[in-house]
Structure formats: C-alpha cells, structure tokens
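Everything on this sheet refers to the single structure shown next.
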Amino acid sequence: MSSRASQALARPFTLGSAELPNRIVMAPMTRQKSPGGIPGEDVAAYYARRAAAGTGLIITEGTYVDHASAGFSGDIPRFHGEEQLAGWSRVVKAVHAAGGKIMPQLWHVGIQRPAGADPFPEAPVVGPSGVGLNGEPGAGSPLTLSDIDDLINAFAEAAWAAERIGFDGIELHGAHGYLIDQFLWERTNRRTDAFGGDPVERTRFAVDIVKAIRERVAPDFPVVLRFSQWKADNYDAKLAENPDELSAILTPLADAGVDAFHASGRRYWEPEFPESGSELNVAGWAKKVTGKPVITVGSVGLDAIFDAASLAGKGAGVESIERLLERFERDEFDMVAIGRALLADPLWGQKVLEDRQRELVPFTKDALVNLY
C-alpha cells in the first residue's frame, strides 16, 4: 500500500512541455561554488544527486543575466558567456541522466548590489527609482528607459539560451526585494512613467520580460515566476495587502505568459490573509486568483523557520510533513519546493516517498558550507 506522502507527492505533473515525475521541487539556494561564474562538475553532481533521489524538478540557484550590475559575487554562476553556458549544459545532462527535470533561476539583484561588488566592480548599482528596501533615497541610480530595454533583452536572451542548451523551462526571480520585485513593490518603485504607478502599472517591467521571453522560446516552454511578500531582512513586508491587490499584481503576469507561480513564504502552514477567513497560504491565494499552477515553499520538513539565524548556520530538526499533505489533499497547491531540508539530505525525496521519514537528516551549518 502506498503511503500518504507518496499518494500526494509521487503523482506526475505536466507544466507546459515539462513532464515532471513528481511534485517535489528543489528550491533555488545560492551556494557561491562556481568560480568565474562557471558551474563545474561538483555543481552538476550536487544537482544530479538530488534528481536521482526523488527530486522531480530542480530549480537552480539564482544565475546572473547578462548585465554588469546583475550580481555581487564572482562565485555565483552566470547565465551568459561561452564557458558559463557550457558548464550549465553539463549540469542539464547530469540531471536528465539522473531522471530529473531542471530550470535555471534568472536573476538581477538591483539595488541590493553593494557598490564595487564582483564580478564587475565598476558597474553602477541600479534600480527602479534609486530607493532602497527601507524607503531610503540614494540607493543606486534610477534605470533609464534604454537601461530597461537592455534588461528586458538580457532576461529574454537568457531564457532563449536555457531552451537551446536543454533546460526544461526557466524561473524568473521576482521575489525577496531583487530587481523584478523592486518594480512590483510600491516602496521601491516611485516611477512616474509607464513602469510605475498603481499595482497593475508596476507590473509593466515583469510583464514586458515575460512577453519578450515568450517571443523567443517555444509556446509550451515553461516560464515560472517566483514572488514573495517578504523582502530581504524585512519579513513583515507586504507586496499585496489583500487578495484583490494580489490579483491585480499576478493576473497581468499570468496573462503575459507565466505558466506557474512559485510563491515564497517563510512558513507554508500560515494563512496569508487571515482577515479574509481563509486558511489559504500565499501559494494557495496565487492559485485562486490566477488559476495557474503554483509551487509552495517555506520551512518544509524542519522545526525552525527560515530567518537570519538559519542563514547564519543555526540548525533545525526534522519536522513532520502531515500539515503539508493535508493541504495537498485539498489541492491548495500543485508542487512543493524543499530548501534547507534538501541541502542537508540529498535523499529527502526518496526517503519521504518511501515512507522513511525517520531516516531524514537534520539541517546543520555544514549543509551551507559544503556541496554534497
């Protein structure tokens, strides 16, 4: 008899042209293990190990699009350049050989880039309005319309390259106060042109990126967008204050061609808008207001929530996923992304699907330091 976990999580799922073997997703997690921005054999083995052990879809760590201001470390992989893309091609082949599917997360950090940071220290810090995550002025330079055109093209070129080298789709990083999110969020987008204004008008940058991607890739090549309420070091931030605002933001993106939303929450079990009387989490609300498939994420399988302490290496014990399974059974969301638990235990998917939860490995700071 199959376990409750396998009944919920072992079901295949179709997302555009991607036939996913199950509902388990590896969440994108920055590792800084790619010198020169080139993912090596160790990175390929790291992802393939998880694909071979029951993780149906790998979403890679954030990868920089082709823009000098995109990132802040020369050890974070880039998604442009001959050597970098050759490295990613090897990663794709390794994951496919292990039976998994894989999508790169395409990323630009915007105003979160420190001045003078690698890999291009001469590049300026840029954002929608030169306003920081706390509303402070002077946080980088506002992007010109020409800059915005270049950035839209950079994301589209990266998506085209992903399809060309065999990836199964792409994810846009539109969460956690990075560039796409900076355009979506009222606090950081003070523009008075076509890329600013009310919640719908603030989606213009992301919508134009999605439309440009859809023009470059096959009609069924999956495009996922990750979004969040919370921002870096600001866990109380709200992109949308209520379901209507969430709908206003996500609906234009769905109409533009987003195939699925990856809703980044810190605690998957918490209701996003409790005043509405609904128990839906942020992923559940995204599914309700758009009708699109959704990925949920947030402290799955661990007894300590995602926070600054966890980033500093505080450990976490293993937690039951019974509450997660209850929500799957209600069709609140379609897939679940596993973060720290999957860093600590590459066999997480296999163990859960085989009802071997007692064998799961707790999360420790070693999982943040090493690729295994």
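Identifiers in this document derive from the order of the structure tokens: chains are assigned A, B, ..., residues are numbered from 1 separately in each chain, and ligands are numbered from 1 in order of occurrence.
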With only C-alpha atoms as the counted atoms, please give the residues lying no more than 10 Å from Gly81 (chain A), apart from itself and same-chain residues fewer than 3 positions off, as a list in words.
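Here the answer would be Gly37, Ile38, Asp66, Arg78, Gln84, Leu85, Ala86 and Gly87 of chain A.
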Write out, as a PDB file, in the first residue's frame, the residues just selected, with N, CA and C atoms.
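This is the output file selection-v3.pdb:
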```
ATOM      1  N   GLY A  37      31.923  32.301 -12.266  1.00  0.00           N
ATOM      2  CA  GLY A  37      30.540  32.179 -12.719  1.00  0.00           C
ATOM      3  C   GLY A  37      30.260  30.916 -13.494  1.00  0.00           C
ATOM      4  N   ILE A  38      31.189  29.945 -13.438  1.00  0.00           N
ATOM      5  CA  ILE A  38      31.080  28.719 -14.231  1.00  0.00           C
ATOM      6  C   ILE A  38      30.725  27.541 -13.323  1.00  0.00           C
ATOM      7  N   ASP A  66      22.824  38.687 -18.345  1.00  0.00           N
ATOM      8  CA  ASP A  66      23.937  39.411 -18.956  1.00  0.00           C
ATOM      9  C   ASP A  66      23.765  40.921 -18.800  1.00  0.00           C
ATOM     10  N   ARG A  78      26.830  32.530 -13.627  1.00  0.00           N
ATOM     11  CA  ARG A  78      26.239  33.464 -14.581  1.00  0.00           C
ATOM     12  C   ARG A  78      25.559  32.671 -15.686  1.00  0.00           C
ATOM     13  N   GLN A  84      30.453  29.664 -19.281  1.00  0.00           N
ATOM     14  CA  GLN A  84      29.372  29.541 -18.297  1.00  0.00           C
ATOM     15  C   GLN A  84      28.235  28.665 -18.830  1.00  0.00           C
ATOM     16  N   LEU A  85      27.826  28.912 -20.063  1.00  0.00           N
ATOM     17  CA  LEU A  85      26.734  28.122 -20.632  1.00  0.00           C
ATOM     18  C   LEU A  85      27.156  26.683 -20.898  1.00  0.00           C
ATOM     19  N   ALA A  86      28.433  26.471 -21.228  1.00  0.00           N
ATOM     20  CA  ALA A  86      28.922  25.096 -21.384  1.00  0.00           C
ATOM     21  C   ALA A  86      28.843  24.354 -20.053  1.00  0.00           C
ATOM     22  N   GLY A  87      29.168  25.065 -18.966  1.00  0.00           N
ATOM     23  CA  GLY A  87      29.034  24.452 -17.645  1.00  0.00           C
ATOM     24  C   GLY A  87      27.597  24.087 -17.338  1.00  0.00           C
TER      25      GLY A  87
END
```
Tell me, counting only C-alpha atoms, for each residue of region 86-165 of chain A within 12 Å of region 26-29 of chain A, which pair of atoms is nearest and how far apart they are in Å to one decimal, in rows ordered by chain and increasing number, as CSV.
```
residue,atom,partner,partner_atom,distance
A:Gly100,CA,A:Met26,CA,10.7
A:Lys101,CA,A:Met26,CA,10.4
A:Ile102,CA,A:Met26,CA,9.3
A:Met103,CA,A:Pro28,CA,9.8
A:Pro104,CA,A:Pro28,CA,8.7
A:Gln105,CA,A:Pro28,CA,7.1
A:Leu106,CA,A:Pro28,CA,10.4
A:Trp107,CA,A:Pro28,CA,11.0
```
Output as a ChimeraX atom specification all residues of region 319-357 of chain A that backbone DSSP marks as alpha helix (DSSP H).
/A:322-329,340-344,348-353
Residue contacts of region 255-263 of chain A (7 Å, only C-alpha atoms) excluding same-chain residues fewer than 6 positions away, as a PyMOL selection string:
chain A and resi 207+210-211+214+222-228+282-283+292-297
Sel. of strand (DSSP E) residues, region 101-350 of chain A, as number ranges by chain:
A: 101-107, 126-127, 141-142, 170-176, 223-231, 260-264, 294-297, 335-338
Between CA of Phe363 (chain A) and CA of Phe273 (chain A), what is the spacing in Å?
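It comes out at 29.8 Å.
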Long-range neighbours of Gly132 (chain A) as a list in words, 8 Å cut-off, only C-alpha atoms, 6 positions minimum in chain:
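Using only C-alpha atoms, the neighbours found are Ile111, Gly138, Ala139 and Thr188 of chain A.
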Since we have the selection now, will you write its residues out, keeping all heavy atoms, as a PDB file, in the first residue's frame?
```pdb
ATOM      1  N   ILE A 111      19.053  47.022  -6.564  1.00  0.00           N
ATOM      2  CA  ILE A 111      19.631  47.885  -5.533  1.00  0.00           C
ATOM      3  C   ILE A 111      20.239  47.115  -4.371  1.00  0.00           C
ATOM      4  O   ILE A 111      20.877  47.724  -3.506  1.00  0.00           O
ATOM      5  CB  ILE A 111      18.583  48.880  -4.985  1.00  0.00           C
ATOM      6  CG1 ILE A 111      17.349  48.118  -4.472  1.00  0.00           C
ATOM      7  CG2 ILE A 111      18.206  49.904  -6.036  1.00  0.00           C
ATOM      8  CD1 ILE A 111      16.323  48.988  -3.794  1.00  0.00           C
ATOM      9  N   GLY A 138      18.685  57.540  -2.513  1.00  0.00           N
ATOM     10  CA  GLY A 138      20.109  57.422  -2.802  1.00  0.00           C
ATOM     11  C   GLY A 138      20.619  56.002  -2.887  1.00  0.00           C
ATOM     12  O   GLY A 138      21.833  55.773  -2.815  1.00  0.00           O
ATOM     13  N   ALA A 139      19.715  55.050  -3.048  1.00  0.00           N
ATOM     14  CA  ALA A 139      20.129  53.640  -3.153  1.00  0.00           C
ATOM     15  C   ALA A 139      20.280  53.287  -4.626  1.00  0.00           C
ATOM     16  O   ALA A 139      19.404  52.698  -5.248  1.00  0.00           O
ATOM     17  CB  ALA A 139      19.104  52.730  -2.481  1.00  0.00           C
ATOM     18  N   THR A 188       9.658  50.574  -3.376  1.00  0.00           N
ATOM     19  CA  THR A 188      10.876  50.757  -4.151  1.00  0.00           C
ATOM     20  C   THR A 188      10.624  51.264  -5.562  1.00  0.00           C
ATOM     21  O   THR A 188      11.572  51.628  -6.260  1.00  0.00           O
ATOM     22  CB  THR A 188      11.666  49.436  -4.232  1.00  0.00           C
ATOM     23  OG1 THR A 188      10.768  48.356  -4.538  1.00  0.00           O
ATOM     24  CG2 THR A 188      12.361  49.136  -2.919  1.00  0.00           C
TER      25      THR A 188
END
```
Enter the distance from CA of Arg323 (chain A) to CA of Tyr268 (chain A), in Å, rounded to one decimal.
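If I compute the distance from CA of Arg323 (chain A) to CA of Tyr268 (chain A), I get 9.1 Å.
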Contacts of Asp181 (chain A) within 9 Å, only C-alpha atoms, excl. fewer than 3 positions in-chain, as an NGL selection string
:A and (173-178 or 184-185 or 188 or 206 or 227-228 or 231 or 239)
Save out the residues we just selected, N, CA, C and O atoms, as a tab-separated table (two decimals), in the first residue's frame.
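To be explicit, this is the file written out as out_14.tsv:
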```tsv
chain	number	residue	atom	x	y	z
A	173	HIS	N	13.39	35.31	-11.08
A	173	HIS	CA	13.43	35.66	-9.66
A	173	HIS	C	12.77	37.02	-9.48
A	173	HIS	O	13.38	38.07	-9.67
A	174	GLY	N	11.51	36.98	-9.10
A	174	GLY	CA	10.75	38.20	-8.85
A	174	GLY	C	10.39	38.36	-7.39
A	174	GLY	O	9.35	38.95	-7.07
A	175	ALA	N	11.25	37.85	-6.49
A	175	ALA	CA	10.95	37.83	-5.06
A	175	ALA	C	12.05	38.50	-4.25
A	175	ALA	O	13.07	38.94	-4.77
A	176	HIS	N	11.81	38.63	-2.94
A	176	HIS	CA	12.82	38.93	-1.92
A	176	HIS	C	13.53	40.26	-2.10
A	176	HIS	O	14.64	40.46	-1.64
A	177	GLY	N	12.87	41.19	-2.79
A	177	GLY	CA	13.44	42.52	-2.92
A	177	GLY	C	14.51	42.65	-3.97
A	177	GLY	O	15.30	43.62	-3.93
A	178	TYR	N	14.58	41.72	-4.93
A	178	TYR	CA	15.52	41.86	-6.04
A	178	TYR	C	14.84	42.63	-7.18
A	178	TYR	O	13.72	43.10	-7.03
A	184	LEU	N	7.82	45.70	-8.77
A	184	LEU	CA	6.48	45.33	-8.35
A	184	LEU	C	6.04	46.04	-7.08
A	184	LEU	O	4.84	46.28	-6.87
A	185	TRP	N	7.00	46.40	-6.22
A	185	TRP	CA	6.70	46.86	-4.87
A	185	TRP	C	6.59	48.37	-4.81
A	185	TRP	O	7.45	49.10	-5.30
A	188	THR	N	9.66	50.57	-3.38
A	188	THR	CA	10.88	50.76	-4.15
A	188	THR	C	10.62	51.26	-5.56
A	188	THR	O	11.57	51.63	-6.26
A	206	ALA	N	8.01	43.45	-15.38
A	206	ALA	CA	7.94	41.99	-15.36
A	206	ALA	C	7.11	41.47	-16.54
A	206	ALA	O	7.48	40.47	-17.18
A	227	PHE	N	7.68	34.88	-6.63
A	227	PHE	CA	7.38	36.15	-5.98
A	227	PHE	C	7.28	35.92	-4.49
A	227	PHE	O	7.21	34.78	-4.01
A	228	SER	N	7.28	37.00	-3.73
A	228	SER	CA	7.18	36.88	-2.27
A	228	SER	C	6.50	38.13	-1.72
A	228	SER	O	6.53	39.19	-2.34
A	231	LYS	N	10.67	40.63	2.08
A	231	LYS	CA	11.87	41.07	1.36
A	231	LYS	C	13.10	40.72	2.21
A	231	LYS	O	12.97	40.32	3.37
A	239	LEU	N	3.94	42.76	-0.33
A	239	LEU	CA	3.76	43.18	-1.71
A	239	LEU	C	2.29	43.50	-1.96
A	239	LEU	O	1.96	44.46	-2.65
```
Interatomic distance (Å, one decimal) between CA of His108 (chain A) and CA of Leu145 (chain A):
16.8 Å
Which one of A:Pro199, A:Gly277, A:Gly71, A:Gly349 sits closest to Asn22 (chain A) if you count only C-alpha atoms?
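Of A:Pro199, A:Gly277, A:Gly71, A:Gly349, the one nearest Asn22 (chain A) is A:Gly349, counting only C-alpha atoms.
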Can you pull out every residue within 9 Å of Ser247 (chain A), counting only C-alpha atoms, but drop anything in the same chain fewer than 2 positions away, and send it as an MDAnalysis selection string?
chainID A and resid 240 242:245 249:252 285:286 288:290
Fewer than 2 positions away in the same chain doesn't count, so skip those; otherwise give me all residues within 8 Å of Ile209 (chain A), counting only C-alpha atoms, as a PyMOL selection string.
chain A and resi 152-153+155-156+205-207+211-213
